[in-house]
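coords_19.cif follows; it contains mmCIF, C-alpha atoms.
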data_run
loop_
_atom_site.label_atom_id
_atom_site.label_comp_id
_atom_site.auth_asym_id
_atom_site.auth_seq_id
_atom_site.Cartn_x
_atom_site.Cartn_y
_atom_site.Cartn_z
CA MET H 1 163.26 112.72 31.50
CA GLU H 2 166.98 113.35 31.49
CA ILE H 3 169.05 113.27 34.66
CA GLU H 4 172.51 114.76 34.85
CA VAL H 5 174.60 114.69 38.01
CA LYS H 6 177.41 117.19 38.14
CA ASP H 7 179.73 118.95 40.53
CA TYR H 8 179.56 122.70 40.64
CA GLN H 9 182.14 124.39 42.87
CA GLY H 10 182.23 121.26 45.01
CA VAL H 11 178.44 121.03 45.30
CA LYS H 12 176.54 118.07 43.89
CA VAL H 13 173.85 119.13 41.46
CA ILE H 14 171.15 117.00 39.88
CA ALA H 15 169.98 118.74 36.72
CA LEU H 16 166.65 117.47 35.44
CA SER H 17 164.78 118.01 32.22
CA GLY H 18 161.56 116.67 30.76
CA GLU H 19 158.62 115.16 32.61
CA ILE H 20 158.71 113.43 35.99
CA ASP H 21 156.02 110.80 36.22
CA MET H 22 155.45 107.25 37.38
CA TYR H 23 157.62 106.01 34.53
CA SER H 24 160.61 108.27 35.08
CA SER H 25 160.59 108.77 38.85
CA PRO H 26 162.20 105.37 39.70
CA ALA H 27 165.35 106.40 37.78
CA LEU H 28 165.36 109.75 39.57
CA ARG H 29 164.89 108.02 42.91
CA GLU H 30 167.81 105.69 42.25
CA GLU H 31 170.11 108.55 41.27
CA MET H 32 169.09 110.79 44.15
CA MET H 33 169.09 108.10 46.83
CA GLY H 34 172.53 106.99 45.63
CA LEU H 35 173.84 110.44 46.59
CA ILE H 36 171.80 110.68 49.77
CA ASN H 37 173.02 107.29 50.95
CA LYS H 38 176.52 108.77 50.72
CA ARG H 39 175.26 111.57 52.99
CA VAL H 40 175.89 114.25 50.40
CA THR H 41 175.00 117.74 51.54
CA PRO H 42 173.95 120.15 50.27
CA LEU H 43 172.27 118.58 47.28
CA LEU H 44 170.92 120.94 44.64
CA VAL H 45 168.22 119.90 42.25
CA ASP H 46 167.93 122.08 39.18
CA PHE H 47 164.36 121.90 37.88
CA LYS H 48 164.89 124.39 35.07
CA GLY H 49 164.08 121.88 32.34
CA VAL H 50 161.19 120.15 34.15
CA SER H 51 157.83 120.86 32.55
CA TYR H 52 155.73 118.39 34.49
CA ILE H 53 155.67 116.53 37.79
CA ASP H 54 153.13 114.10 39.19
CA SER H 55 152.60 112.75 42.71
CA SER H 56 155.19 109.99 42.25
CA GLY H 57 157.80 112.65 41.52
CA ILE H 58 156.73 114.67 44.54
CA ALA H 59 156.90 111.52 46.68
CA THR H 60 160.45 110.89 45.48
CA PHE H 61 161.57 114.31 46.71
CA VAL H 62 159.70 113.96 50.01
CA GLU H 63 161.46 110.65 50.60
CA GLY H 64 164.81 112.20 49.72
CA LEU H 65 164.24 115.18 52.00
CA LYS H 66 163.23 112.98 54.92
CA CYS H 67 166.36 110.87 54.53
CA MET H 68 168.55 113.97 54.32
CA MET H 69 166.97 115.47 57.42
CA SER H 70 168.02 112.38 59.36
CA TYR H 71 171.68 113.41 58.94
CA GLY H 72 171.19 117.16 58.89
CA GLY H 73 171.54 117.40 55.11
CA ARG H 74 170.04 120.15 52.96
CA LEU H 75 168.09 119.54 49.79
CA LYS H 76 167.74 122.70 47.74
CA LEU H 77 165.47 123.09 44.74
CA THR H 78 165.95 125.71 42.09
CA GLY H 79 164.62 126.68 38.68
CA VAL H 80 161.14 125.44 39.53
CA LEU H 81 158.73 126.54 36.81
CA GLU H 82 155.30 127.91 37.68
CA GLY H 83 153.33 124.79 36.72
CA VAL H 84 155.54 122.55 38.82
CA ARG H 85 155.63 125.03 41.69
CA LYS H 86 151.83 124.98 41.80
CA ILE H 87 151.93 121.28 42.62
CA PHE H 88 154.40 121.86 45.46
CA SER H 89 152.19 124.68 46.76
CA PHE H 90 148.99 122.66 46.54
CA SER H 91 150.57 119.87 48.54
CA LYS H 92 151.88 122.44 51.07
CA LEU H 93 155.41 121.33 50.29
CA ASP H 94 156.61 124.75 49.19
CA LYS H 95 156.89 125.47 52.92
CA VAL H 96 158.83 122.29 53.58
CA PHE H 97 161.39 122.37 50.78
CA GLU H 98 164.05 125.03 50.33
CA ILE H 99 163.06 126.49 46.96
CA TYR H 100 165.26 129.18 45.44
CA GLY H 101 164.58 131.50 42.55
CA THR H 102 168.02 131.22 41.03
CA PHE H 103 170.79 128.68 40.92
CA GLU H 104 173.18 131.20 42.49
CA ASP H 105 170.82 131.85 45.41
CA ALA H 106 170.59 128.13 46.05
CA LEU H 107 174.34 127.78 45.85
CA ASN H 108 175.13 130.70 48.14
CA SER H 109 172.46 130.23 50.80
CA MET U 1 128.92 108.00 16.36
CA LYS U 2 128.64 110.10 19.47
CA ASP U 3 130.98 112.99 19.93
CA LEU U 4 133.61 111.18 21.93
CA VAL U 5 137.20 110.06 21.83
CA LEU U 6 138.31 106.73 23.18
CA ILE U 7 141.84 105.45 23.64
CA LYS U 8 143.05 102.06 24.81
CA VAL U 9 146.50 102.00 26.32
CA GLN U 10 148.67 99.23 27.70
CA SER U 11 149.03 99.51 31.48
CA ASP U 12 152.70 100.35 31.22
CA PRO U 13 153.84 103.61 32.86
CA LYS U 14 155.79 104.50 29.72
CA TYR U 15 152.45 105.12 27.98
CA LEU U 16 151.22 107.61 30.58
CA SER U 17 152.77 110.32 28.44
CA VAL U 18 150.45 109.27 25.60
CA ILE U 19 147.44 109.62 27.89
CA ARG U 20 148.66 113.05 28.99
CA SER U 21 149.08 114.22 25.42
CA VAL U 22 145.60 113.08 24.40
CA THR U 23 144.05 114.54 27.55
CA ALA U 24 145.69 117.90 26.93
CA LYS U 25 144.48 117.90 23.34
CA MET U 26 140.94 117.06 24.42
CA GLY U 27 140.99 119.87 26.97
CA GLU U 28 142.06 122.24 24.22
CA LEU U 29 139.43 120.96 21.78
CA TYR U 30 136.69 121.27 24.39
CA GLY U 31 137.68 124.83 25.16
CA LEU U 32 139.18 124.47 28.63
CA SER U 33 141.56 127.18 29.73
CA GLU U 34 145.26 126.43 29.62
CA SER U 35 145.39 126.17 33.39
CA ALA U 36 142.33 123.88 33.55
CA THR U 37 143.82 121.72 30.81
CA GLU U 38 147.04 121.32 32.82
CA ASP U 39 145.03 120.33 35.91
CA VAL U 40 142.92 117.84 33.96
CA LYS U 41 146.04 116.35 32.37
CA LEU U 42 147.63 115.79 35.77
CA ALA U 43 144.42 114.41 37.31
CA VAL U 44 143.86 111.87 34.52
CA ASP U 45 147.53 110.87 34.72
CA GLU U 46 147.14 110.30 38.47
CA ALA U 47 143.98 108.24 37.98
CA CYS U 48 145.67 106.04 35.36
CA SER U 49 148.78 105.67 37.55
CA ASN U 50 146.45 104.44 40.31
CA VAL U 51 144.97 101.88 37.92
CA ILE U 52 148.46 100.53 37.19
CA LYS U 53 149.49 100.53 40.85
CA HIS U 54 146.34 99.38 42.59
CA ALA U 55 143.91 97.75 40.15
CA TYR U 56 146.62 95.91 38.21
CA GLY U 57 149.18 95.64 41.02
CA GLY U 58 151.94 96.82 38.68
CA ASP U 59 151.10 94.39 35.85
CA THR U 60 152.15 96.27 32.73
CA TYR U 61 150.43 93.96 30.23
CA GLN U 62 146.82 94.89 30.95
CA SER U 63 144.82 97.65 29.35
CA ILE U 64 143.34 100.97 30.34
CA LEU U 65 140.46 102.51 28.44
CA VAL U 66 140.03 106.26 28.58
CA ARG U 67 136.94 107.95 27.09
CA TYR U 68 136.55 111.67 26.73
CA ARG U 69 133.37 113.52 25.91
CA MET U 70 131.71 116.83 26.46
CA THR U 71 128.32 116.46 28.13
CA LYS U 72 125.73 118.98 29.29
CA LYS U 73 127.41 118.93 32.68
CA GLY U 74 130.90 119.42 31.40
CA PHE U 75 134.11 117.67 30.44
CA GLU U 76 133.75 113.98 31.24
CA VAL U 77 136.49 111.36 31.41
CA LEU U 78 135.76 107.68 31.99
CA ILE U 79 138.67 105.47 32.98
CA GLU U 80 138.14 101.73 32.81
CA ASP U 81 140.21 98.73 33.79
CA ASN U 82 139.74 95.02 34.31
CA GLY U 83 141.74 94.81 37.50
CA VAL U 84 140.98 94.35 41.17
CA LYS U 85 137.82 96.12 42.29
CA VAL U 86 138.51 99.29 44.16
CA GLN U 87 136.58 99.91 47.36
CA PRO U 88 135.61 103.55 46.92
CA GLU U 89 135.25 104.01 50.69
CA SER U 90 138.90 103.09 51.11
CA ILE U 91 140.14 105.83 48.81
CA GLU U 92 141.38 108.69 50.84
CA GLY U 93 144.49 110.72 50.33
CA ARG U 94 146.76 111.55 53.21
CA SER U 95 146.21 114.74 55.10
CA LEU U 96 148.09 117.46 53.26
CA ASP U 97 149.60 118.46 56.59
CA ASP U 98 151.10 115.01 56.96
CA ILE U 99 154.39 115.32 55.10
CA ARG U 100 155.24 111.89 53.78
CA PRO U 101 155.60 110.22 50.39
CA GLY U 102 152.39 109.03 48.73
CA GLY U 103 148.69 109.77 49.13
CA LEU U 104 148.71 112.94 47.07
CA GLY U 105 147.25 111.62 43.81
CA VAL U 106 143.64 111.45 44.97
CA HIS U 107 143.81 115.06 46.15
CA LEU U 108 145.10 116.12 42.73
CA ILE U 109 142.18 114.36 41.05
CA LYS U 110 139.50 115.67 43.41
CA ARG U 111 140.69 119.27 43.29
CA THR U 112 140.24 119.20 39.49
CA PHE U 113 137.04 117.27 38.94
CA ASP U 114 133.66 118.11 40.47
CA ILE U 115 132.48 114.51 40.16
CA PHE U 116 134.70 111.62 41.23
CA GLN U 117 132.62 108.50 41.08
CA PHE U 118 133.19 104.78 40.66
CA VAL U 119 130.39 103.41 38.49
CA ARG U 120 129.10 100.35 40.31
CA ARG U 121 127.41 98.78 37.27
CA LYS U 122 130.70 97.42 35.95
CA ARG U 123 130.94 93.72 36.83
CA LYS U 124 134.66 93.24 36.42
CA GLY U 125 137.27 95.86 37.10
CA ASN U 126 136.56 99.53 37.64
CA ARG U 127 135.03 102.44 35.81
CA LEU U 128 135.93 105.81 37.25
CA ARG U 129 133.81 108.72 36.10
CA LEU U 130 135.31 112.16 36.33
CA VAL U 131 133.42 115.30 35.40
CA ARG U 132 134.64 118.87 35.44
CA PHE U 133 131.68 121.22 35.30
CA THR U 134 131.80 123.91 32.66
CA LYS U 135 130.87 127.14 34.35
#

Just give me the structure as structure tokens.
Amino acid sequence: MEIEVKDYQGVKVIALSGEIDMYSSPALREEMMGLINKRVTPLLVDFKGVSYIDSSGIATFVEGLKCMMSYGGRLKLTGVLEGVRKIFSFSKLDKVFEIYGTFEDALNS
Amino acid sequence: MKDLVLIKVQSDPKYLSVIRSVTAKMGELYGLSESATEDVKLAVDEACSNVIKHAYGGDTYQSILVRYRMTKKGFEVLIEDNGVKVQPESIEGRSLDDIRPGGLGVHLIKRTFDIFQFVRRKRKGNRLRLVRFTK
């Protein structure tokens, strides 16, 4: 998995590509929690290049969301492909996370 | 030789991608739909991740054996380790309404496979038998 952190119009964006599994999720967690510990908000995660996610990846985002909620932060997900979205839906997390169809929607909401 | 495929993989998370690739190929060879193959791939990945986490306690120098075969019942996957015995009664995922990290893997396995069974005959370690019925 590749992780790229960038600023887009003053908003922090984590752009991901590849597969998120037990091997790659610790690196994602470190990167994401580094931003969350600085109380960044909103934080956009661009899933456009993510073809696979397992429960360790889901757990990483749940942990991130819970931490952000403690300071009123917003975690926005975008570019979630159908296969990955199915996992969020199955775990009833599609109702918990802010998931946007397009990057612009996520940015402007 | 019986019609089966067997792989032995080091219990290092970096090799989970190898298990996923083989699982996906086996699903394709055994005629599963694309969607079923994706589900099976994820479920086997979750089961092997559990072996690394729970049976081996994170030790990345052990081994995991995965056997695939098509039986009369359906697509069967056997996952074996030599780690700490799992107490099948203790395996329960979190409620899906309880939003917290962890506890999702077992749900992802059970939603995919019709049979989720720890074979008790194995003296040391665990042998998890997963079967997805072919309808």

Q.
If we count all atoms listed in the file and set the cut-off at 10 Å, which residues sit around range 16-23 of chain H, ignoring sequence neighbours fewer than 2 positions away in its own chain? Please answer as an MDAnalysis selection string.
A. (chainID H and resid 1:5 13:14 25:28 45:58 60 79) or (chainID U and resid 12:17 42 45:46 49:50 52:53)

Q.
Quick check, in Å to one decimal: how far apart do CA of Arg67 in chain U and CA of Ile109 in chain U lie?
A.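 We find that CA of Arg67 in chain U and CA of Ile109 in chain U lie 16.2 Å from each other.
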
Q) Do you know which residues the PyMOL selection byres ((chain U and resi 113) around 8) returns on this file, as an MDAnalysis selection string? A) chainID U and resid 40 109:112 114:116 130:133

Q | Hits from the PyMOL selection byres ((chain H and resi 90-102) around 9), listed as a list in words | A | Ile58, Val62, Leu65, Arg74, Leu75, Lys76, Leu77, Thr78, Gly79, Val80, Arg85, Lys86, Ile87, Phe88, Ser89, Phe103, Glu104, Asp105, Ala106 and Leu107 of chain H; Leu96, Asp97, Ile99, Leu104, His107 and Leu108 of chain U

If we count all atoms listed in the file and set the cut-off at 12 Å, which residues sit around Val18 in chain U, ignoring sequence neighbours fewer than 4 positions away in its own chain? Please answer as a PDB file with C-alpha atoms, in the frame of the given file.
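Wrote around37.pdb, looks like this:
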ATOM      1  CA  TYR H  23     157.620 106.010  34.530  1.00  0.00           C
TER       2      TYR H  23
ATOM      3  CA  ILE U   7     141.840 105.450  23.640  1.00  0.00           C
ATOM      4  CA  LYS U   8     143.050 102.060  24.810  1.00  0.00           C
ATOM      5  CA  VAL U   9     146.500 102.000  26.320  1.00  0.00           C
ATOM      6  CA  GLN U  10     148.670  99.230  27.700  1.00  0.00           C
ATOM      7  CA  SER U  11     149.030  99.510  31.480  1.00  0.00           C
ATOM      8  CA  ASP U  12     152.700 100.350  31.220  1.00  0.00           C
ATOM      9  CA  PRO U  13     153.840 103.610  32.860  1.00  0.00           C
ATOM     10  CA  LYS U  14     155.790 104.500  29.720  1.00  0.00           C
ATOM     11  CA  VAL U  22     145.600 113.080  24.400  1.00  0.00           C
ATOM     12  CA  THR U  23     144.050 114.540  27.550  1.00  0.00           C
ATOM     13  CA  ALA U  24     145.690 117.900  26.930  1.00  0.00           C
ATOM     14  CA  LYS U  25     144.480 117.900  23.340  1.00  0.00           C
ATOM     15  CA  LYS U  41     146.040 116.350  32.370  1.00  0.00           C
ATOM     16  CA  VAL U  44     143.860 111.870  34.520  1.00  0.00           C
ATOM     17  CA  ASP U  45     147.530 110.870  34.720  1.00  0.00           C
ATOM     18  CA  CYS U  48     145.670 106.040  35.360  1.00  0.00           C
ATOM     19  CA  ILE U  64     143.340 100.970  30.340  1.00  0.00           C
ATOM     20  CA  VAL U  66     140.030 106.260  28.580  1.00  0.00           C
TER      21      VAL U  66
END
